[in-house]
Amino acid sequence: MSPTTHLVLRRQSLLLGGLTGSIALLVGGMIALVYFILPALHAGRPGYPPVSDLLPGSMIALTFWSPVLFYLAALLAMARMFAQVAAARPVWRATARGLGLTGWALMLGSVMTVLVQPRLMQLDWVREVMVQQGRHAAVGGIAHFDVPAIVIGVVGLAMLLLGGLLRRAEAVEAELEDFV
């Protein structure tokens with residue numbers, strides 16, 4: 001790989017790693033703020049549930065957002081992969097490990113989204129607490145992030161980078177074949 005190509009790859013990886021990590025932290029931080037931190041700060045005030053409802057409300061929010069934990073883990077695995085490539089670590093090792101971790105996190109997140117979380121939200125005690133707190137299908141009311149769509153977008157960016165890596169690897173392989 002030529003020095004210029006290597007530098008371009010490192011810059012792209014640095015940019016995508018920063019973007020991916022920032023997205024993960026922003027989404028995770030917003031969810032934590034809206035569904036856990038603010039309710040804890042405002043519990044018992046007029047218009048908010050009493051302090052005694054804080055733990056059940058947090059458990060419901062955690063149940064509702066549980067798949068997101070895996071999707072955020074996928075984003076963080078991608079950010080780490082990009083950072084490893086940007087730091088000039090062996091590209092194949094970094095991408096293999098990063099894609100493996102991302103794949104596991106996405107698979108577990110989808111299992112949570114499709115099979116586990118809907119069943120947990122149908123439990124009687126969950127519905128009872130939601131009715132007591134005046135909540136509807138979604139926990140909270142300020143925003144709903146479509147985290148799977150965000151993760152799919154970032155994975156798409158990763159695929160763009162990996163496509164470039166594979167094109168460059170093909171060029172290097174052709175160059176090496178000329179030497180042999």
# chains A, B, ... in the order shown; residues from 1 in each chain; ligands from 1

$ residues_around --residues "A:Ser66" --least-positions-apart "6" --cutoff "12 Å" --atoms "only C-alpha atoms" --output "list in words"
Gly28, Ile31, Ala32, Ser58, Met59, Ile60, Leu72, Ala73, Leu108, Gly109, Ser110, Val111, Met112, Thr113, Val114, Leu115, Val116, Gln117, Pro118, Leu120, Met121 and Val147 of chain A

$ residues_around --residues "A:Phe36" --least-positions-apart "3" --cutoff "12 Å" --atoms "only C-alpha atoms" --output "PyMOL selection string"
chain A and resi 28-33+39-43+54-62+65+139-140

$ atom_distance --atom1 "atom CA of A:Leu106" --atom2 "atom CA of A:Ala79"
14.4 Å

$ select_by_dssp --residues "chain A" --states "alpha helix (DSSP H)" --output "number ranges by chain"
A: 3-32, 38-42, 54-86, 91-111, 117-121, 124-132, 147-179

$ atom_distance --atom1 "atom CA of A:Thr5" --atom2 "atom CA of A:Ala86"
12.5 Å

$ residues_around --residues "stretch 148-158 of chain A" --least-positions-apart "5" --cutoff "7 Å" --atoms "only C-alpha atoms" --output "PyMOL selection string"
chain A and resi 20+71+75

$ write_last_selection --atoms "all heavy atoms" --output "CSV table (one decimal), in the first residue's frame"
chain,number,residue,atom,x,y,z
A,20,THR,N,-18.6,7.6,14.7
A,20,THR,CA,-19.3,6.5,15.3
A,20,THR,C,-19.3,6.6,16.8
A,20,THR,O,-20.3,6.4,17.4
A,20,THR,CB,-18.6,5.2,14.8
A,20,THR,OG1,-18.6,5.2,13.4
A,20,THR,CG2,-19.3,4.0,15.3
A,71,TYR,N,-27.2,-2.5,20.6
A,71,TYR,CA,-26.9,-1.7,19.4
A,71,TYR,C,-25.8,-0.6,19.7
A,71,TYR,O,-25.0,-0.4,18.8
A,71,TYR,CB,-28.2,-1.0,18.9
A,71,TYR,CG,-29.2,-1.9,18.4
A,71,TYR,CD1,-30.5,-1.9,18.8
A,71,TYR,CD2,-28.9,-2.9,17.4
A,71,TYR,CE1,-31.5,-2.8,18.4
A,71,TYR,CE2,-29.9,-3.8,17.0
A,71,TYR,CZ,-31.1,-3.7,17.4
A,71,TYR,OH,-32.1,-4.6,17.0
A,75,LEU,N,-22.1,-0.1,17.9
A,75,LEU,CA,-21.5,1.2,17.5
A,75,LEU,C,-20.1,1.4,18.2
A,75,LEU,O,-19.2,1.8,17.5
A,75,LEU,CB,-22.4,2.4,17.9
A,75,LEU,CG,-23.6,2.6,17.0
A,75,LEU,CD1,-24.4,3.7,17.6
A,75,LEU,CD2,-23.2,2.8,15.6

$ closest_residue --among "A:Met130, A:Leu165, A:Val34, A:Leu7" --to "A:Thr95" --atoms "only C-alpha atoms"
A:Leu165

$ atom_distance --atom1 "atom CA of A:Arg97" --atom2 "atom CA of A:Glu177"
27.4 Å

$ closest_residue --among "A:Ala87, A:Leu76, A:Tyr35, A:Phe82" --to "A:Met159" --atoms "only C-alpha atoms"
A:Phe82

$ closest_residue --among "A:Gly44, A:Arg11, A:Ala169, A:Leu25" --to "A:Trp92" --atoms "only C-alpha atoms"
A:Ala169

$ decode --residues "stretch 22-66 of chain A" --atoms "N, CA and C atoms" --output "PDB file, in the first residue's frame"
ATOM      1  N   SER A  22     -18.985   9.251  18.654  1.00  0.00           N
ATOM      2  CA  SER A  22     -19.824  10.398  19.043  1.00  0.00           C
ATOM      3  C   SER A  22     -21.297  10.055  18.956  1.00  0.00           C
ATOM      4  N   ILE A  23     -21.692   9.352  17.906  1.00  0.00           N
ATOM      5  CA  ILE A  23     -23.094   8.951  17.764  1.00  0.00           C
ATOM      6  C   ILE A  23     -23.495   8.034  18.910  1.00  0.00           C
ATOM      7  N   ALA A  24     -22.646   7.060  19.234  1.00  0.00           N
ATOM      8  CA  ALA A  24     -22.951   6.136  20.325  1.00  0.00           C
ATOM      9  C   ALA A  24     -23.096   6.879  21.648  1.00  0.00           C
ATOM     10  N   LEU A  25     -22.170   7.775  21.931  1.00  0.00           N
ATOM     11  CA  LEU A  25     -22.228   8.521  23.187  1.00  0.00           C
ATOM     12  C   LEU A  25     -23.421   9.481  23.222  1.00  0.00           C
ATOM     13  N   LEU A  26     -23.716  10.129  22.109  1.00  0.00           N
ATOM     14  CA  LEU A  26     -24.843  11.052  22.054  1.00  0.00           C
ATOM     15  C   LEU A  26     -26.167  10.324  22.266  1.00  0.00           C
ATOM     16  N   VAL A  27     -26.378   9.237  21.540  1.00  0.00           N
ATOM     17  CA  VAL A  27     -27.632   8.485  21.675  1.00  0.00           C
ATOM     18  C   VAL A  27     -27.748   7.889  23.069  1.00  0.00           C
ATOM     19  N   GLY A  28     -26.677   7.239  23.542  1.00  0.00           N
ATOM     20  CA  GLY A  28     -26.704   6.666  24.889  1.00  0.00           C
ATOM     21  C   GLY A  28     -26.910   7.721  25.964  1.00  0.00           C
ATOM     22  N   GLY A  29     -26.245   8.849  25.810  1.00  0.00           N
ATOM     23  CA  GLY A  29     -26.398   9.938  26.775  1.00  0.00           C
ATOM     24  C   GLY A  29     -27.797  10.530  26.787  1.00  0.00           C
ATOM     25  N   MET A  30     -28.391  10.701  25.605  1.00  0.00           N
ATOM     26  CA  MET A  30     -29.753  11.250  25.535  1.00  0.00           C
ATOM     27  C   MET A  30     -30.765  10.294  26.170  1.00  0.00           C
ATOM     28  N   ILE A  31     -30.615   9.006  25.894  1.00  0.00           N
ATOM     29  CA  ILE A  31     -31.530   8.031  26.488  1.00  0.00           C
ATOM     30  C   ILE A  31     -31.360   8.015  27.998  1.00  0.00           C
ATOM     31  N   ALA A  32     -30.122   8.007  28.472  1.00  0.00           N
ATOM     32  CA  ALA A  32     -29.880   8.012  29.920  1.00  0.00           C
ATOM     33  C   ALA A  32     -30.441   9.282  30.557  1.00  0.00           C
ATOM     34  N   LEU A  33     -30.229  10.414  29.915  1.00  0.00           N
ATOM     35  CA  LEU A  33     -30.715  11.679  30.454  1.00  0.00           C
ATOM     36  C   LEU A  33     -32.235  11.705  30.537  1.00  0.00           C
ATOM     37  N   VAL A  34     -32.897  11.388  29.445  1.00  0.00           N
ATOM     38  CA  VAL A  34     -34.353  11.525  29.372  1.00  0.00           C
ATOM     39  C   VAL A  34     -35.076  10.470  30.198  1.00  0.00           C
ATOM     40  N   TYR A  35     -34.582   9.234  30.214  1.00  0.00           N
ATOM     41  CA  TYR A  35     -35.338   8.152  30.836  1.00  0.00           C
ATOM     42  C   TYR A  35     -34.841   7.729  32.203  1.00  0.00           C
ATOM     43  N   PHE A  36     -33.652   8.181  32.617  1.00  0.00           N
ATOM     44  CA  PHE A  36     -33.140   7.766  33.914  1.00  0.00           C
ATOM     45  C   PHE A  36     -32.716   8.949  34.790  1.00  0.00           C
ATOM     46  N   ILE A  37     -31.938   9.871  34.251  1.00  0.00           N
ATOM     47  CA  ILE A  37     -31.395  10.955  35.064  1.00  0.00           C
ATOM     48  C   ILE A  37     -32.460  11.989  35.405  1.00  0.00           C
ATOM     49  N   LEU A  38     -33.150  12.525  34.401  1.00  0.00           N
ATOM     50  CA  LEU A  38     -34.183  13.530  34.665  1.00  0.00           C
ATOM     51  C   LEU A  38     -35.317  13.008  35.542  1.00  0.00           C
ATOM     52  N   PRO A  39     -35.832  11.794  35.306  1.00  0.00           N
ATOM     53  CA  PRO A  39     -36.859  11.288  36.222  1.00  0.00           C
ATOM     54  C   PRO A  39     -36.364  11.187  37.667  1.00  0.00           C
ATOM     55  N   ALA A  40     -35.093  10.820  37.858  1.00  0.00           N
ATOM     56  CA  ALA A  40     -34.546  10.738  39.215  1.00  0.00           C
ATOM     57  C   ALA A  40     -34.452  12.129  39.848  1.00  0.00           C
ATOM     58  N   LEU A  41     -34.099  13.130  39.052  1.00  0.00           N
ATOM     59  CA  LEU A  41     -33.980  14.492  39.577  1.00  0.00           C
ATOM     60  C   LEU A  41     -35.331  15.127  39.884  1.00  0.00           C
ATOM     61  N   HIS A  42     -36.349  14.760  39.100  1.00  0.00           N
ATOM     62  CA  HIS A  42     -37.661  15.396  39.251  1.00  0.00           C
ATOM     63  C   HIS A  42     -38.680  14.546  40.003  1.00  0.00           C
ATOM     64  N   ALA A  43     -38.305  13.380  40.487  1.00  0.00           N
ATOM     65  CA  ALA A  43     -39.250  12.497  41.174  1.00  0.00           C
ATOM     66  C   ALA A  43     -39.880  13.209  42.367  1.00  0.00           C
ATOM     67  N   GLY A  44     -41.185  13.092  42.440  1.00  0.00           N
ATOM     68  CA  GLY A  44     -41.924  13.675  43.553  1.00  0.00           C
ATOM     69  C   GLY A  44     -42.365  15.107  43.338  1.00  0.00           C
ATOM     70  N   ARG A  45     -41.876  15.773  42.338  1.00  0.00           N
ATOM     71  CA  ARG A  45     -42.309  17.144  42.052  1.00  0.00           C
ATOM     72  C   ARG A  45     -43.683  17.114  41.398  1.00  0.00           C
ATOM     73  N   PRO A  46     -44.404  18.218  41.445  1.00  0.00           N
ATOM     74  CA  PRO A  46     -45.718  18.247  40.807  1.00  0.00           C
ATOM     75  C   PRO A  46     -45.617  17.916  39.317  1.00  0.00           C
ATOM     76  N   GLY A  47     -46.490  17.013  38.876  1.00  0.00           N
ATOM     77  CA  GLY A  47     -46.501  16.613  37.477  1.00  0.00           C
ATOM     78  C   GLY A  47     -45.589  15.436  37.171  1.00  0.00           C
ATOM     79  N   TYR A  48     -44.855  14.954  38.173  1.00  0.00           N
ATOM     80  CA  TYR A  48     -43.970  13.812  37.988  1.00  0.00           C
ATOM     81  C   TYR A  48     -44.375  12.703  38.945  1.00  0.00           C
ATOM     82  N   PRO A  49     -44.032  11.444  38.612  1.00  0.00           N
ATOM     83  CA  PRO A  49     -44.370  10.342  39.519  1.00  0.00           C
ATOM     84  C   PRO A  49     -43.671  10.505  40.866  1.00  0.00           C
ATOM     85  N   PRO A  50     -44.267   9.951  41.925  1.00  0.00           N
ATOM     86  CA  PRO A  50     -43.629  10.027  43.244  1.00  0.00           C
ATOM     87  C   PRO A  50     -42.330   9.222  43.277  1.00  0.00           C
ATOM     88  N   VAL A  51     -41.531   9.482  44.306  1.00  0.00           N
ATOM     89  CA  VAL A  51     -40.245   8.804  44.451  1.00  0.00           C
ATOM     90  C   VAL A  51     -40.436   7.289  44.532  1.00  0.00           C
ATOM     91  N   SER A  52     -41.537   6.843  45.122  1.00  0.00           N
ATOM     92  CA  SER A  52     -41.784   5.401  45.248  1.00  0.00           C
ATOM     93  C   SER A  52     -41.945   4.721  43.890  1.00  0.00           C
ATOM     94  N   ASP A  53     -42.304   5.476  42.848  1.00  0.00           N
ATOM     95  CA  ASP A  53     -42.465   4.908  41.509  1.00  0.00           C
ATOM     96  C   ASP A  53     -41.188   5.004  40.681  1.00  0.00           C
ATOM     97  N   LEU A  54     -40.132   5.546  41.250  1.00  0.00           N
ATOM     98  CA  LEU A  54     -38.901   5.749  40.506  1.00  0.00           C
ATOM     99  C   LEU A  54     -38.266   4.425  40.072  1.00  0.00           C
ATOM    100  N   LEU A  55     -38.133   3.465  40.979  1.00  0.00           N
ATOM    101  CA  LEU A  55     -37.517   2.187  40.633  1.00  0.00           C
ATOM    102  C   LEU A  55     -38.356   1.402  39.618  1.00  0.00           C
ATOM    103  N   PRO A  56     -39.671   1.253  39.839  1.00  0.00           N
ATOM    104  CA  PRO A  56     -40.443   0.539  38.807  1.00  0.00           C
ATOM    105  C   PRO A  56     -40.402   1.241  37.453  1.00  0.00           C
ATOM    106  N   GLY A  57     -40.443   2.563  37.450  1.00  0.00           N
ATOM    107  CA  GLY A  57     -40.359   3.296  36.185  1.00  0.00           C
ATOM    108  C   GLY A  57     -39.025   3.092  35.495  1.00  0.00           C
ATOM    109  N   SER A  58     -37.944   3.080  36.291  1.00  0.00           N
ATOM    110  CA  SER A  58     -36.612   2.837  35.720  1.00  0.00           C
ATOM    111  C   SER A  58     -36.491   1.424  35.176  1.00  0.00           C
ATOM    112  N   MET A  59     -37.097   0.462  35.857  1.00  0.00           N
ATOM    113  CA  MET A  59     -37.059  -0.925  35.379  1.00  0.00           C
ATOM    114  C   MET A  59     -37.808  -1.057  34.053  1.00  0.00           C
ATOM    115  N   ILE A  60     -38.924  -0.350  33.927  1.00  0.00           N
ATOM    116  CA  ILE A  60     -39.674  -0.391  32.674  1.00  0.00           C
ATOM    117  C   ILE A  60     -38.871   0.283  31.566  1.00  0.00           C
ATOM    118  N   ALA A  61     -38.268   1.424  31.871  1.00  0.00           N
ATOM    119  CA  ALA A  61     -37.448   2.097  30.865  1.00  0.00           C
ATOM    120  C   ALA A  61     -36.286   1.199  30.436  1.00  0.00           C
ATOM    121  N   LEU A  62     -35.669   0.521  31.383  1.00  0.00           N
ATOM    122  CA  LEU A  62     -34.571  -0.389  31.056  1.00  0.00           C
ATOM    123  C   LEU A  62     -35.069  -1.550  30.195  1.00  0.00           C
ATOM    124  N   THR A  63     -36.252  -2.064  30.519  1.00  0.00           N
ATOM    125  CA  THR A  63     -36.847  -3.128  29.710  1.00  0.00           C
ATOM    126  C   THR A  63     -37.111  -2.634  28.295  1.00  0.00           C
ATOM    127  N   PHE A  64     -37.673  -1.446  28.191  1.00  0.00           N
ATOM    128  CA  PHE A  64     -37.998  -0.886  26.881  1.00  0.00           C
ATOM    129  C   PHE A  64     -36.748  -0.629  26.052  1.00  0.00           C
ATOM    130  N   TRP A  65     -35.700  -0.119  26.690  1.00  0.00           N
ATOM    131  CA  TRP A  65     -34.478   0.252  25.969  1.00  0.00           C
ATOM    132  C   TRP A  65     -33.419  -0.836  25.967  1.00  0.00           C
ATOM    133  N   SER A  66     -33.706  -2.021  26.503  1.00  0.00           N
ATOM    134  CA  SER A  66     -32.692  -3.079  26.598  1.00  0.00           C
ATOM    135  C   SER A  66     -32.059  -3.456  25.262  1.00  0.00           C
TER     136      SER A  66
END
